[in-house]
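Peer 1: After the structure tokens below, expect a handful of questions from me.
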Amino acid sequence: MIFNQVELAPADPILGLTDAFKADPRAEKVNLGVGIYKDESGQTPILKSVKLAERKLLDTETSKSYLGIDGVQAYNSAVQTLLFGAEHTVIEAGRAVTAQAPGGTGSLRVAAEFVVRNTDSRTIWVSNPTWANHNNIFESAKLSVKQYRYYDAATHGMDFDAMLADLDGAVAGDLVLLHGCCHNPTGIDLNLAQWEVIAQLCLEKELVPLFDFAYQGFGAGVEEDAQGLRVVANVVPELIVANSFSKNFGLYNERIGAVTVVAKCRETAEIAFSQVKSTIRGNYSNPPAHGALIVATILADGTLRTLWESELQQMRERIAQMRVLFVEMLKAEGVEQDFSFISTQNGMFSFSGLNKAQVGRLRDEFGIYIVGSGRISVAGMTKDNMPIICKAIAKVV
Ligand code: PMP
């Protein structure tokens with residue numbers, strides 16, 4: 001007997017919250033924990049562009065035979081164009097190789113394991129704070145995780161000098177995790193000038209950027225949100241991107257993302273790709289098809305692509321409106337503390353500055369669930385639940 005040696009795992013900080021929310025019998029409860037987009041009626045609908053692509057697939061798909069280890073070819077090349085733009089030198093020079101992978105999480109895990117299995121690199125630097133699952137993913141792949149400062153609690157803004165000071169302690173070959181846009185959990189992103197500085201720092205210190213790009217299109221737009229990545233890709237010889245279409249195509253449960261390795265030349269990229277595929281083969285052999293076929297279908301069809309971009313714009317704009325309404329309504333509820341910084345943050349999340357005790361009271365007394373760090377999923381706010389949320393916050397601050 002061996003299972004009696006197993007210790008109970010702690011509940012996941014984000015998904016565990018959803019379990020607690022589901023078990024809560026109160027009618028007026030609100031879940032602002034997990035990062036899932038909700039429309040104004042509180043639903044997470046399937047995008048129209050996705051439904052149309054699925055219909056098309058239903059008619060045209062002829063086989064459920066295995067995909068290759070790296071997935072759907074048309075999907076992989078569409079991913080590269082979305083990340084770097086159509087004529088970027090890393091694509092033209094054959095320096096970028098892409099393998100479809102199960103979601104952003106699967107892509108990050110494949111990336112980390114590929115590095116550990118094939119290089120001397122053993123350290124990854126992540127921002128403090130960062131998405132709660134990063135530690136788990138990287139430690140599972142046997143990387144050691146170090147933190148660089150990122151957030152300045154006093155200003156609710158970025159502490160760029162501290163970020164640079166901490167990354168100065170990184171050594172050649174270390175990985176640096178960078179959120180491509182819509183930083184989770186703070187909603188605070190680097191500006192273009194800061195991206196240039198990070199690109200030079202990685203070049204000079206020979207650090208390898210690992211971009212976690214889970215929210216392309218949720219910040220300023222599909223192209224705009226990729227600018228930081230492109231600035232860095234213009235400068236450094238090597239980088240990795242783990243991207244996800246869970247949010248921007250609403251394909252959460254299809255588990256669709258990709259890992260892209262950019263190497264200094266075509267030959268090195270191809271050798272790296274052989275090992276990325278070997279890593280995948282040892283994990284799940286080859287990826288599921290449906291999500292990739294949906295994304296590839298939409299991106300290859302002018303009408304569907306235009307529809308998708310407009311649906312993405314609607315999601316982005318609704319969240320931006322909720323940020324403004326949240327700040328206004330808190331004021332109207334008589335909250336004196338300044339929350340105006342929330343309307344300038346990007347993406348689904350807001351780092352509210354609410355402390356653990358306040359977060360606990362919101363849950364226990366008012367049925368409002370947010371992550372212990374004070375991260376609020378603005379994407380879960382609606383005109384209907386906003387008064388409930390703001391009245392409760394007014395009582396705890
Ligand atoms: N990275 C970040 C920063 C995320 O917020 C998320 C999703 N919460 C992911 C990666 C993982 O995305 P997926 O669901 O596609 O695995």
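Ordered as shown in the structure tokens, chains take letters A, B, and onward, while each chain numbers its residues from 1 and ligands are numbered from 1 in the order shown.
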Can you list, as a ChimeraX atom specification, all residues belonging to range 188-394 of chain A that DSSP tags as helix (DSSP H, G or I)?

Peer 2: /A:192-205,224-235,252-254,266-283,290-300,302-332,340-344,356-366,378-380,386-394

Peer 1: Please produce an output containing C-alpha atoms for each residue in the selection, written as an mmCIF file, in the first residue's frame.

Peer 2:
```
data_model
loop_
_atom_site.group_PDB
_atom_site.id
_atom_site.type_symbol
_atom_site.label_atom_id
_atom_site.label_comp_id
_atom_site.auth_asym_id
_atom_site.auth_seq_id
_atom_site.Cartn_x
_atom_site.Cartn_y
_atom_site.Cartn_z
ATOM 1 C CA LEU A 192 7.022 50.480 -25.421
ATOM 2 C CA ALA A 193 10.045 52.340 -24.047
ATOM 3 C CA GLN A 194 10.181 49.902 -21.133
ATOM 4 C CA TRP A 195 9.918 46.920 -23.494
ATOM 5 C CA GLU A 196 12.937 48.304 -25.368
ATOM 6 C CA VAL A 197 14.875 48.447 -22.120
ATOM 7 C CA ILE A 198 13.913 44.867 -21.210
ATOM 8 C CA ALA A 199 14.871 43.694 -24.705
ATOM 9 C CA GLN A 200 18.342 45.268 -24.349
ATOM 10 C CA LEU A 201 18.740 43.859 -20.853
ATOM 11 C CA CYS A 202 17.928 40.335 -22.077
ATOM 12 C CA LEU A 203 20.328 40.782 -24.993
ATOM 13 C CA GLU A 204 23.198 42.058 -22.862
ATOM 14 C CA LYS A 205 22.773 39.614 -19.993
ATOM 15 C CA GLU A 224 -1.316 46.637 -30.381
ATOM 16 C CA ASP A 225 -1.033 43.989 -27.656
ATOM 17 C CA ALA A 226 1.729 42.173 -29.544
ATOM 18 C CA GLN A 227 4.002 45.221 -29.727
ATOM 19 C CA GLY A 228 6.018 44.334 -26.628
ATOM 20 C CA LEU A 229 6.669 40.816 -27.894
ATOM 21 C CA ARG A 230 7.665 42.153 -31.314
ATOM 22 C CA VAL A 231 10.035 44.722 -29.818
ATOM 23 C CA VAL A 232 11.789 41.969 -27.880
ATOM 24 C CA ALA A 233 11.767 39.581 -30.879
ATOM 25 C CA ASN A 234 13.509 42.285 -32.940
ATOM 26 C CA VAL A 235 16.401 42.361 -30.500
ATOM 27 C CA TYR A 252 -11.641 27.787 -22.407
ATOM 28 C CA ASN A 253 -12.591 24.119 -22.389
ATOM 29 C CA GLU A 254 -11.120 23.270 -25.787
ATOM 30 C CA ARG A 266 16.787 28.196 -38.919
ATOM 31 C CA GLU A 267 19.024 25.212 -38.186
ATOM 32 C CA THR A 268 18.978 25.718 -34.407
ATOM 33 C CA ALA A 269 15.221 26.301 -34.541
ATOM 34 C CA GLU A 270 14.679 23.008 -36.334
ATOM 35 C CA ILE A 271 16.812 21.088 -33.852
ATOM 36 C CA ALA A 272 14.947 22.760 -30.974
ATOM 37 C CA PHE A 273 11.650 21.812 -32.617
ATOM 38 C CA SER A 274 12.632 18.145 -32.733
ATOM 39 C CA GLN A 275 13.047 18.290 -28.945
ATOM 40 C CA VAL A 276 9.831 20.252 -28.377
ATOM 41 C CA LYS A 277 8.074 17.436 -30.226
ATOM 42 C CA SER A 278 9.899 14.810 -28.187
ATOM 43 C CA THR A 279 8.723 16.564 -24.999
ATOM 44 C CA ILE A 280 5.138 16.565 -26.264
ATOM 45 C CA ARG A 281 5.331 12.905 -27.292
ATOM 46 C CA GLY A 282 6.361 11.989 -23.742
ATOM 47 C CA ASN A 283 3.483 13.970 -22.236
ATOM 48 C CA HIS A 290 -11.125 20.743 -32.345
ATOM 49 C CA GLY A 291 -9.878 24.030 -30.861
ATOM 50 C CA ALA A 292 -7.045 24.338 -33.369
ATOM 51 C CA LEU A 293 -9.357 23.716 -36.308
ATOM 52 C CA ILE A 294 -11.759 26.383 -35.026
ATOM 53 C CA VAL A 295 -9.002 28.991 -34.671
ATOM 54 C CA ALA A 296 -7.393 28.083 -38.007
ATOM 55 C CA THR A 297 -10.790 28.238 -39.761
ATOM 56 C CA ILE A 298 -11.607 31.663 -38.342
ATOM 57 C CA LEU A 299 -8.197 33.170 -39.051
ATOM 58 C CA ALA A 300 -8.175 31.896 -42.650
ATOM 59 C CA GLY A 302 -11.916 36.993 -44.069
ATOM 60 C CA THR A 303 -15.548 37.212 -42.938
ATOM 61 C CA LEU A 304 -15.102 35.038 -39.866
ATOM 62 C CA ARG A 305 -11.945 36.863 -38.903
ATOM 63 C CA THR A 306 -13.666 40.249 -39.108
ATOM 64 C CA LEU A 307 -16.537 38.892 -37.014
ATOM 65 C CA TRP A 308 -14.100 37.482 -34.430
ATOM 66 C CA GLU A 309 -12.233 40.783 -34.193
ATOM 67 C CA SER A 310 -15.482 42.657 -33.616
ATOM 68 C CA GLU A 311 -16.574 40.167 -30.939
ATOM 69 C CA LEU A 312 -13.190 40.510 -29.261
ATOM 70 C CA GLN A 313 -13.546 44.281 -29.410
ATOM 71 C CA GLN A 314 -16.947 44.033 -27.734
ATOM 72 C CA MET A 315 -15.486 41.977 -24.889
ATOM 73 C CA ARG A 316 -12.588 44.403 -24.490
ATOM 74 C CA GLU A 317 -14.865 47.430 -24.497
ATOM 75 C CA ARG A 318 -17.365 45.938 -22.070
ATOM 76 C CA ILE A 319 -14.595 45.297 -19.554
ATOM 77 C CA ALA A 320 -13.293 48.848 -19.995
ATOM 78 C CA GLN A 321 -16.819 50.172 -19.331
ATOM 79 C CA MET A 322 -17.088 48.044 -16.188
ATOM 80 C CA ARG A 323 -13.806 49.499 -14.899
ATOM 81 C CA VAL A 324 -15.175 53.021 -15.261
ATOM 82 C CA LEU A 325 -18.550 52.106 -13.750
ATOM 83 C CA PHE A 326 -16.834 50.365 -10.813
ATOM 84 C CA VAL A 327 -14.781 53.444 -9.966
ATOM 85 C CA GLU A 328 -17.805 55.735 -10.346
ATOM 86 C CA MET A 329 -20.100 53.564 -8.273
ATOM 87 C CA LEU A 330 -17.592 53.171 -5.439
ATOM 88 C CA LYS A 331 -17.420 56.957 -5.302
ATOM 89 C CA ALA A 332 -21.210 57.201 -5.327
ATOM 90 C CA SER A 340 -9.220 55.586 -9.945
ATOM 91 C CA PHE A 341 -6.135 53.515 -10.906
ATOM 92 C CA ILE A 342 -8.517 50.661 -11.754
ATOM 93 C CA SER A 343 -9.757 52.405 -14.872
ATOM 94 C CA THR A 344 -6.242 52.586 -16.354
ATOM 95 C CA LYS A 356 -6.814 39.657 2.968
ATOM 96 C CA ALA A 357 -9.121 40.649 5.810
ATOM 97 C CA GLN A 358 -11.300 42.732 3.487
ATOM 98 C CA VAL A 359 -11.362 39.924 0.912
ATOM 99 C CA GLY A 360 -12.424 37.507 3.692
ATOM 100 C CA ARG A 361 -15.232 39.801 4.843
ATOM 101 C CA LEU A 362 -16.487 40.256 1.276
ATOM 102 C CA ARG A 363 -16.800 36.491 0.963
ATOM 103 C CA ASP A 364 -18.126 35.658 4.438
ATOM 104 C CA GLU A 365 -20.543 38.556 4.906
ATOM 105 C CA PHE A 366 -21.546 39.400 1.334
ATOM 106 C CA VAL A 378 -13.513 42.762 -13.864
ATOM 107 C CA ALA A 379 -14.728 40.482 -16.663
ATOM 108 C CA GLY A 380 -17.213 39.027 -14.158
ATOM 109 C CA MET A 386 -22.132 46.135 -9.768
ATOM 110 C CA PRO A 387 -24.348 47.731 -7.067
ATOM 111 C CA ILE A 388 -24.078 44.568 -4.926
ATOM 112 C CA ILE A 389 -20.287 44.575 -5.300
ATOM 113 C CA CYS A 390 -19.792 48.279 -4.643
ATOM 114 C CA LYS A 391 -22.149 48.423 -1.637
ATOM 115 C CA ALA A 392 -20.268 45.505 -0.082
ATOM 116 C CA ILE A 393 -16.840 47.044 -0.729
ATOM 117 C CA ALA A 394 -18.046 50.302 0.783
#
```

Peer 1: Could you please extract the residues within 7 Å of ligand 1, counting only C-alpha atoms and all ligand atoms, and hand them back as JSON, numbers by chain?

Peer 2: {"A": [35, 103, 104, 105, 106, 131, 179, 183, 184, 212, 213, 214, 244, 245, 246, 252, 255, 256, 257]}

Peer 1: Would you mind exporting the chosen residues as a compact mmCIF listing (two decimals), in the first residue's frame, restricted to N, CA, C and O atoms?

Peer 2:
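Result file is part-v1.txt:
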```
# COMPACT_ATOMS: atom_id res chain seq x y z
N GLY A 35 -10.70 33.98 -13.99
CA GLY A 35 -10.70 34.89 -15.14
C GLY A 35 -11.47 34.32 -16.31
O GLY A 35 -10.90 33.80 -17.26
N GLY A 103 -3.81 24.64 -24.42
CA GLY A 103 -3.99 25.87 -23.65
C GLY A 103 -2.67 26.55 -23.33
O GLY A 103 -1.58 26.06 -23.66
N GLY A 104 -2.79 27.69 -22.65
CA GLY A 104 -1.60 28.41 -22.22
C GLY A 104 -0.83 27.59 -21.20
O GLY A 104 0.41 27.56 -21.21
N THR A 105 -1.56 26.91 -20.34
CA THR A 105 -0.91 26.12 -19.29
C THR A 105 -0.06 25.01 -19.90
O THR A 105 1.12 24.85 -19.55
N GLY A 106 -0.65 24.25 -20.82
CA GLY A 106 0.08 23.17 -21.47
C GLY A 106 1.29 23.71 -22.23
O GLY A 106 2.36 23.09 -22.24
N TRP A 131 0.61 35.25 -12.00
CA TRP A 131 -0.51 34.28 -12.03
C TRP A 131 -0.16 33.13 -11.08
O TRP A 131 0.95 32.60 -11.11
N HIS A 179 4.75 38.80 -19.10
CA HIS A 179 3.36 38.74 -19.54
C HIS A 179 3.25 39.63 -20.78
O HIS A 179 3.51 40.83 -20.70
N HIS A 183 -1.20 42.10 -17.82
CA HIS A 183 -0.51 41.38 -16.75
C HIS A 183 -1.51 40.84 -15.72
O HIS A 183 -2.38 41.57 -15.23
N ASN A 184 -1.36 39.55 -15.44
CA ASN A 184 -2.22 38.89 -14.45
C ASN A 184 -1.39 38.65 -13.20
O ASN A 184 -0.41 37.92 -13.27
N ASP A 212 4.41 34.77 -21.66
CA ASP A 212 3.11 34.18 -21.41
C ASP A 212 2.09 35.14 -22.03
O ASP A 212 1.92 36.27 -21.56
N PHE A 213 1.46 34.69 -23.12
CA PHE A 213 0.62 35.61 -23.91
C PHE A 213 -0.80 35.03 -23.95
O PHE A 213 -1.19 34.35 -24.89
N ALA A 214 -1.54 35.30 -22.89
CA ALA A 214 -2.86 34.67 -22.73
C ALA A 214 -4.02 35.62 -23.02
O ALA A 214 -5.17 35.21 -22.98
N SER A 244 -2.24 31.48 -25.58
CA SER A 244 -3.49 30.79 -25.29
C SER A 244 -4.63 31.47 -26.04
O SER A 244 -4.66 32.69 -26.17
N PHE A 245 -5.59 30.65 -26.52
CA PHE A 245 -6.80 31.21 -27.11
C PHE A 245 -8.02 30.95 -26.23
O PHE A 245 -9.16 31.06 -26.68
N SER A 246 -7.76 30.62 -24.96
CA SER A 246 -8.88 30.39 -24.04
C SER A 246 -9.75 31.63 -23.94
O SER A 246 -10.98 31.55 -23.99
N TYR A 252 -12.20 28.26 -23.68
CA TYR A 252 -11.64 27.79 -22.41
C TYR A 252 -11.52 26.27 -22.34
O TYR A 252 -10.47 25.73 -22.04
N ARG A 255 -9.03 23.80 -24.61
CA ARG A 255 -7.61 23.69 -24.30
C ARG A 255 -6.75 23.91 -25.55
O ARG A 255 -6.16 22.98 -26.09
N ILE A 256 -6.74 25.18 -25.98
CA ILE A 256 -6.00 25.45 -27.21
C ILE A 256 -5.02 26.62 -27.04
O ILE A 256 -5.41 27.72 -26.69
N GLY A 257 -3.77 26.32 -27.30
CA GLY A 257 -2.69 27.30 -27.22
C GLY A 257 -1.55 26.81 -28.09
O GLY A 257 -1.74 25.92 -28.93
```

Peer 1: Hey, could you make a per-residue contact list for range 169-253 of chain A against range 346-350 of chain A with 10 Å as the cut-off, showing the nearest pair of atoms and its distance in Å to one decimal, counting only C-alpha atoms, sorted by chain and number, as a Markdown table?

Peer 2:
```
| residue | atom | partner | partner_atom | distance |
| --- | --- | --- | --- | --- |
| A:Cys181 | CA | A:Asn346 | CA | 7.8 |
| A:Cys182 | CA | A:Gly347 | CA | 4.6 |
| A:His183 | CA | A:Asn346 | CA | 7.4 |
| A:Asn184 | CA | A:Phe349 | CA | 6.6 |
| A:Pro185 | CA | A:Phe349 | CA | 5.9 |
| A:Thr186 | CA | A:Ser350 | CA | 5.8 |
| A:Gly187 | CA | A:Asn346 | CA | 4.6 |
| A:Ile188 | CA | A:Asn346 | CA | 6.2 |
| A:Asp189 | CA | A:Asn346 | CA | 7.3 |
| A:Tyr215 | CA | A:Gly347 | CA | 7.1 |
| A:Gln216 | CA | A:Gly347 | CA | 9.2 |
| A:Gly217 | CA | A:Gly347 | CA | 8.7 |
| A:Phe218 | CA | A:Gly347 | CA | 5.2 |
| A:Gly219 | CA | A:Gly347 | CA | 5.1 |
| A:Ala220 | CA | A:Asn346 | CA | 8.1 |
| A:Lys247 | CA | A:Met348 | CA | 9.4 |
```

Peer 1: Name the residues in contact with Ser65 in chain A at a cut-off of 12 Å, using only C-alpha atoms, excluding same-chain residues fewer than 6 positions from it; report them as a list in words.

Peer 2: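 These residues fall inside the cut-off: Gly71, Asn286, Pro287, Pro288 and Ala289 of chain A.
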